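Structure, as structure tokens:
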Amino acid sequence: MKKIDLKYLTFAFIISFVLSFMLYLYEPLLTYSSNINDFWFDFNLMISNIILYMILIFLFLIFVYFFLYLFLRRKNIKIYKIILVISFILFLYTYIQGNYLVGALPQLNGDIIDWSKYGDENIISILTFLLVVIVELILIKKYKLDKTIKINCYMTIIVFFMLFTSFISILCNKEIYKDKSIEIATIKNINNVSTDKNFFIFLVDSVDSREFAEVVNNNLSYKETFNDFTYYPDTTSGYLFTRDSIPFILSGIWNQEETDFVDYYNDAFNNSKLFEKLTDENYNMNFYEYEIYSNNRNFEKFDNIKLYSDKIDSVSFFKQFTKYILYKYLPYPLKKYSKIETASFDSCKIEDDIDYFKWSNKEAYNNLINNKLEFVNDKYFQFLHIEGGHVPFDYDEDVNIIENGTYKQKLTAVLKVISTFINRLKENNAYDNSVIIILADHGEGKDTLRQNPILYIKGINEHHEMYISDIPVAYEDLIDAYISLLENKKSTELFLNLDKNRPRRVLNNLYTREIMIEWYQYGKAWDNDTFKASGREFRR
């Protein structure tokens, strides 16, 4: 019986350890440290899970190598040696791909990625693989298999120390250890209406103003949906992505990267004139948002917000991180199989007996048609954010989930949800005593740069055919409009003192990057030719 040759198992041990360390400890920590504010969990919740994943992957790889060695050492040990060489080729190529060929990776802003546009990256990825193979073949020809495996072992150790040095520098970043008080919206009070006054802000994500107006005009069954509303087609958003748009819409306070985003977010909510006015007037306040950035538990003003219990579904957490890992480390021709478009760490929360708010159009529609309104005496405020026209385009006109839909189909589903929301208020005599604001956080990027969202407003006891205003509105004007509406102004009385010739400011927050690029709209909101970058940038 042949003795076990430890030199082959030693290399298997080393490459298994370094690969599992790189993919399931180093990479998750790097991803987290680069996007701290975009994950609901904190370091303490994450670290035990990723260490567990690393250990499990390591043990699995060791088992596979040990099984192959026991099977092949009696039949043909050369095959096992070739497997070790192939393993190193794949390991080194994966390391290069995930750490040096990532500059051209598309932004993860929720859009469907068209991987066919990355032809040059595909070629570079393939050529890199061929280069690694050629170098390995030269080593084999010059030094034979055994010495090549030994060289590969040393190379793997060198790679580990390079990774470990970077790993230590990440751990030295004090920002990653920030505690997060994880607050989450429940559906408590979502069907409430007041017998006194209501103030509804209904935000539908990623709805372009002109595209939506075309959908409204082409669907005669909804022609009366926006009677009593004023439609402001010439409206610019404050930001081009959701994260900064929400606190800006509710406060009018700009984020210019002076502070950490979570600090800005909390400052915006603490200093919102809207929330101050609602509090002074004793409104019951409710905030239905799928992603809340809070680090000081300042959301107690909202009746439906609950402090999350800090639990993670470890299996789902593993799946979501794996999508990010595959996205970075797979060769470009294979990255489309990473399913990165469906990555969502919100799905990793373990829900208690409480029903947490979900932002899907389907969830919102089912709630509207299946649940009755509940009347309360207190004045009632509701901010509600649903997915709207956000990619993927997976709804038909009747809010049924489909595959390979279009933006127009999804906007028609959004129109149906909005119409159902408004009609339910009408049918229950809760319409006339309600301020209703229908808006989007930003537009969609088909024909514009996302700067032209929808804005429809109705005041208390307002009755007329839908009025289309040519006033050039900017989202920084919304706060004054809210206060006027709370003072019983009609939608036709808003924004009258604005300078119609002023340039309107929009900050491109580039999704999750910590940089803001300043733009100004000098013409109509949707006109890209008059939408110009000022040359100013804000960095933290």
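Quick note on naming: the chains in the structure tokens go A, B, ... in the order shown, residues restart at 1 in each chain, and ligands are numbered from 1 in order of appearance.
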
List as a ChimeraX atom specification the protein and nucleic acid residues near range 491-498 of chain A, meaning an atom at most 10 Å away when only C-alpha atoms are counted, but skip any in the same chain fewer than 6 places from it. /A:228-231,435-437,456-460,462,467-469,471-474,477-478,480-482,484-485

File of the preceding selection, N, CA, C and O atoms, as a CSV table (one decimal), in the first residue's frame:
```csv
chain,number,residue,atom,x,y,z
A,228,ASP,N,-58.8,66.8,-10.6
A,228,ASP,CA,-58.6,67.5,-9.4
A,228,ASP,C,-57.1,67.7,-9.0
A,228,ASP,O,-56.7,68.4,-8.1
A,229,PHE,N,-56.2,67.1,-9.9
A,229,PHE,CA,-54.7,67.2,-9.7
A,229,PHE,C,-54.2,68.3,-10.6
A,229,PHE,O,-54.8,68.6,-11.7
A,230,THR,N,-53.1,68.8,-10.2
A,230,THR,CA,-52.2,69.6,-11.1
A,230,THR,C,-51.0,68.8,-11.5
A,230,THR,O,-50.4,68.2,-10.6
A,231,TYR,N,-50.8,68.7,-12.8
A,231,TYR,CA,-49.6,67.9,-13.3
A,231,TYR,C,-48.6,68.9,-13.7
A,231,TYR,O,-48.8,69.9,-14.4
A,435,VAL,N,-54.7,65.6,1.2
A,435,VAL,CA,-53.6,66.1,0.3
A,435,VAL,C,-53.0,64.8,-0.3
A,435,VAL,O,-52.7,63.9,0.4
A,436,ILE,N,-52.9,64.8,-1.7
A,436,ILE,CA,-52.3,63.6,-2.3
A,436,ILE,C,-51.2,64.1,-3.3
A,436,ILE,O,-51.5,65.0,-4.2
A,437,ILE,N,-50.0,63.6,-3.1
A,437,ILE,CA,-48.9,64.0,-3.9
A,437,ILE,C,-48.4,62.7,-4.5
A,437,ILE,O,-48.0,61.7,-3.8
A,456,TYR,N,-47.6,65.0,-9.6
A,456,TYR,CA,-49.0,65.3,-9.6
A,456,TYR,C,-49.4,65.7,-8.2
A,456,TYR,O,-49.1,65.0,-7.2
A,457,ILE,N,-50.2,66.8,-8.0
A,457,ILE,CA,-50.5,67.2,-6.6
A,457,ILE,C,-52.0,67.6,-6.6
A,457,ILE,O,-52.5,68.3,-7.5
A,458,LYS,N,-52.7,67.2,-5.5
A,458,LYS,CA,-54.1,67.6,-5.2
A,458,LYS,C,-54.1,68.1,-3.8
A,458,LYS,O,-53.6,67.5,-2.9
A,459,GLY,N,-54.8,69.2,-3.6
A,459,GLY,CA,-55.0,69.7,-2.2
A,459,GLY,C,-56.3,69.3,-1.6
A,459,GLY,O,-57.1,68.6,-2.2
A,460,ILE,N,-56.5,69.8,-0.4
A,460,ILE,CA,-57.8,69.6,0.3
A,460,ILE,C,-59.0,70.2,-0.4
A,460,ILE,O,-58.9,71.3,-0.9
A,462,GLU,N,-60.2,69.9,-3.4
A,462,GLU,CA,-59.9,70.5,-4.7
A,462,GLU,C,-60.6,69.7,-5.8
A,462,GLU,O,-60.6,68.5,-5.8
A,467,TYR,N,-55.3,69.9,-14.3
A,467,TYR,CA,-54.7,71.1,-14.8
A,467,TYR,C,-53.2,70.8,-15.1
A,467,TYR,O,-52.5,70.3,-14.2
A,468,ILE,N,-52.7,71.2,-16.3
A,468,ILE,CA,-51.3,71.0,-16.6
A,468,ILE,C,-50.6,72.4,-16.5
A,468,ILE,O,-50.9,73.3,-17.2
A,469,SER,N,-49.7,72.4,-15.5
A,469,SER,CA,-48.9,73.7,-15.3
A,469,SER,C,-47.6,73.7,-16.0
A,469,SER,O,-46.9,72.7,-16.1
A,471,ILE,N,-45.2,75.7,-15.0
A,471,ILE,CA,-44.2,76.2,-14.1
A,471,ILE,C,-43.0,75.3,-14.0
A,471,ILE,O,-43.2,74.1,-13.8
A,472,PRO,N,-41.8,75.8,-14.2
A,472,PRO,CA,-40.6,74.9,-14.0
A,472,PRO,C,-40.3,74.7,-12.6
A,472,PRO,O,-39.8,75.5,-11.9
A,473,VAL,N,-40.6,73.5,-12.1
A,473,VAL,CA,-40.5,73.1,-10.7
A,473,VAL,C,-39.2,72.3,-10.5
A,473,VAL,O,-38.8,71.6,-11.4
A,474,ALA,N,-38.6,72.5,-9.4
A,474,ALA,CA,-37.5,71.7,-8.9
A,474,ALA,C,-37.8,71.1,-7.6
A,474,ALA,O,-38.6,71.7,-6.8
A,477,ASP,N,-38.1,72.8,-4.3
A,477,ASP,CA,-39.3,73.7,-4.1
A,477,ASP,C,-40.4,72.9,-3.3
A,477,ASP,O,-41.3,73.5,-2.9
A,478,LEU,N,-40.2,71.6,-3.2
A,478,LEU,CA,-41.3,70.8,-2.6
A,478,LEU,C,-41.6,71.1,-1.1
A,478,LEU,O,-42.8,71.1,-0.7
A,480,ASP,N,-41.6,73.9,0.5
A,480,ASP,CA,-42.5,75.1,0.7
A,480,ASP,C,-43.9,74.7,0.2
A,480,ASP,O,-45.0,75.1,0.7
A,481,ALA,N,-44.0,73.8,-0.8
A,481,ALA,CA,-45.3,73.3,-1.3
A,481,ALA,C,-46.0,72.5,-0.3
A,481,ALA,O,-47.2,72.6,-0.1
A,482,TYR,N,-45.3,71.6,0.4
A,482,TYR,CA,-45.9,70.8,1.5
A,482,TYR,C,-46.5,71.7,2.6
A,482,TYR,O,-47.7,71.5,3.0
A,484,SER,N,-47.5,74.8,2.3
A,484,SER,CA,-48.7,75.5,1.7
A,484,SER,C,-49.9,74.5,1.7
A,484,SER,O,-51.0,74.9,2.0
A,485,LEU,N,-49.7,73.3,1.3
A,485,LEU,CA,-50.8,72.3,1.3
A,485,LEU,C,-51.3,72.0,2.7
A,485,LEU,O,-52.5,71.8,2.8
```

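The protein and nucleic acid residues lying at most 8 Å from range 82-93 of chain A are Phe11, Ala12, Ile15, Leu19, Thr128, Phe129, Val132, Val133, Glu136, Leu145, Thr148, Ile149, Asn152 and Thr156 of chain A, with only C-alpha atoms considered and sequence neighbours fewer than 6 positions away removed.
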
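Nearest to Glu291 in chain A of all the residues A:Phe357, A:Tyr95, A:Tyr520, A:Tyr475 is A:Phe357, counting only C-alpha atoms.
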
Provide the CA of Thr530 in chain A to CA of Ile113 in chain A distance in Å, to one decimal place. 28.0 Å

So which bits of range 216-277 of chain A end up strand (DSSP E or B) when you DSSP the backbone, as a PyMOL selection string? chain A and resi 230-231+235-236+239

Next, write the just-selected residues to a file, as a PDB file, in the first residue's frame, keeping all heavy atoms as the atom set.
```pdb
ATOM      1  N   THR A 230     -53.069  68.841 -10.198  1.00  0.00           N
ATOM      2  CA  THR A 230     -52.245  69.626 -11.115  1.00  0.00           C
ATOM      3  C   THR A 230     -51.023  68.792 -11.477  1.00  0.00           C
ATOM      4  O   THR A 230     -50.352  68.240 -10.602  1.00  0.00           O
ATOM      5  CB  THR A 230     -51.788  70.950 -10.482  1.00  0.00           C
ATOM      6  OG1 THR A 230     -52.935  71.739 -10.155  1.00  0.00           O
ATOM      7  CG2 THR A 230     -50.914  71.734 -11.446  1.00  0.00           C
ATOM      8  N   TYR A 231     -50.793  68.690 -12.767  1.00  0.00           N
ATOM      9  CA  TYR A 231     -49.637  67.944 -13.276  1.00  0.00           C
ATOM     10  C   TYR A 231     -48.559  68.945 -13.664  1.00  0.00           C
ATOM     11  O   TYR A 231     -48.807  69.894 -14.403  1.00  0.00           O
ATOM     12  CB  TYR A 231     -50.077  67.100 -14.477  1.00  0.00           C
ATOM     13  CG  TYR A 231     -48.958  66.488 -15.290  1.00  0.00           C
ATOM     14  CD1 TYR A 231     -47.858  65.875 -14.679  1.00  0.00           C
ATOM     15  CD2 TYR A 231     -49.014  66.513 -16.685  1.00  0.00           C
ATOM     16  CE1 TYR A 231     -46.849  65.314 -15.435  1.00  0.00           C
ATOM     17  CE2 TYR A 231     -48.012  65.947 -17.447  1.00  0.00           C
ATOM     18  CZ  TYR A 231     -46.918  65.344 -16.825  1.00  0.00           C
ATOM     19  OH  TYR A 231     -45.914  64.783 -17.581  1.00  0.00           O
ATOM     20  N   THR A 235     -40.628  69.296 -14.403  1.00  0.00           N
ATOM     21  CA  THR A 235     -40.098  69.125 -13.049  1.00  0.00           C
ATOM     22  C   THR A 235     -38.739  68.428 -13.101  1.00  0.00           C
ATOM     23  O   THR A 235     -38.575  67.415 -13.794  1.00  0.00           O
ATOM     24  CB  THR A 235     -41.061  68.279 -12.197  1.00  0.00           C
ATOM     25  OG1 THR A 235     -42.301  68.975 -12.051  1.00  0.00           O
ATOM     26  CG2 THR A 235     -40.478  67.985 -10.827  1.00  0.00           C
ATOM     27  N   THR A 236     -37.779  68.973 -12.358  1.00  0.00           N
ATOM     28  CA  THR A 236     -36.477  68.301 -12.229  1.00  0.00           C
ATOM     29  C   THR A 236     -36.342  67.711 -10.826  1.00  0.00           C
ATOM     30  O   THR A 236     -36.776  68.308  -9.843  1.00  0.00           O
ATOM     31  CB  THR A 236     -35.302  69.277 -12.462  1.00  0.00           C
ATOM     32  OG1 THR A 236     -35.408  70.375 -11.563  1.00  0.00           O
ATOM     33  CG2 THR A 236     -35.284  69.786 -13.894  1.00  0.00           C
ATOM     34  N   TYR A 239     -31.801  64.561  -7.362  1.00  0.00           N
ATOM     35  CA  TYR A 239     -30.760  63.552  -7.574  1.00  0.00           C
ATOM     36  C   TYR A 239     -31.233  62.568  -8.640  1.00  0.00           C
ATOM     37  O   TYR A 239     -32.430  62.472  -8.931  1.00  0.00           O
ATOM     38  CB  TYR A 239     -30.465  62.804  -6.269  1.00  0.00           C
ATOM     39  CG  TYR A 239     -29.832  63.676  -5.212  1.00  0.00           C
ATOM     40  CD1 TYR A 239     -30.616  64.403  -4.323  1.00  0.00           C
ATOM     41  CD2 TYR A 239     -28.448  63.802  -5.123  1.00  0.00           C
ATOM     42  CE1 TYR A 239     -30.046  65.223  -3.370  1.00  0.00           C
ATOM     43  CE2 TYR A 239     -27.864  64.625  -4.168  1.00  0.00           C
ATOM     44  CZ  TYR A 239     -28.662  65.336  -3.302  1.00  0.00           C
ATOM     45  OH  TYR A 239     -28.090  66.156  -2.362  1.00  0.00           O
TER      46      TYR A 239
END
```
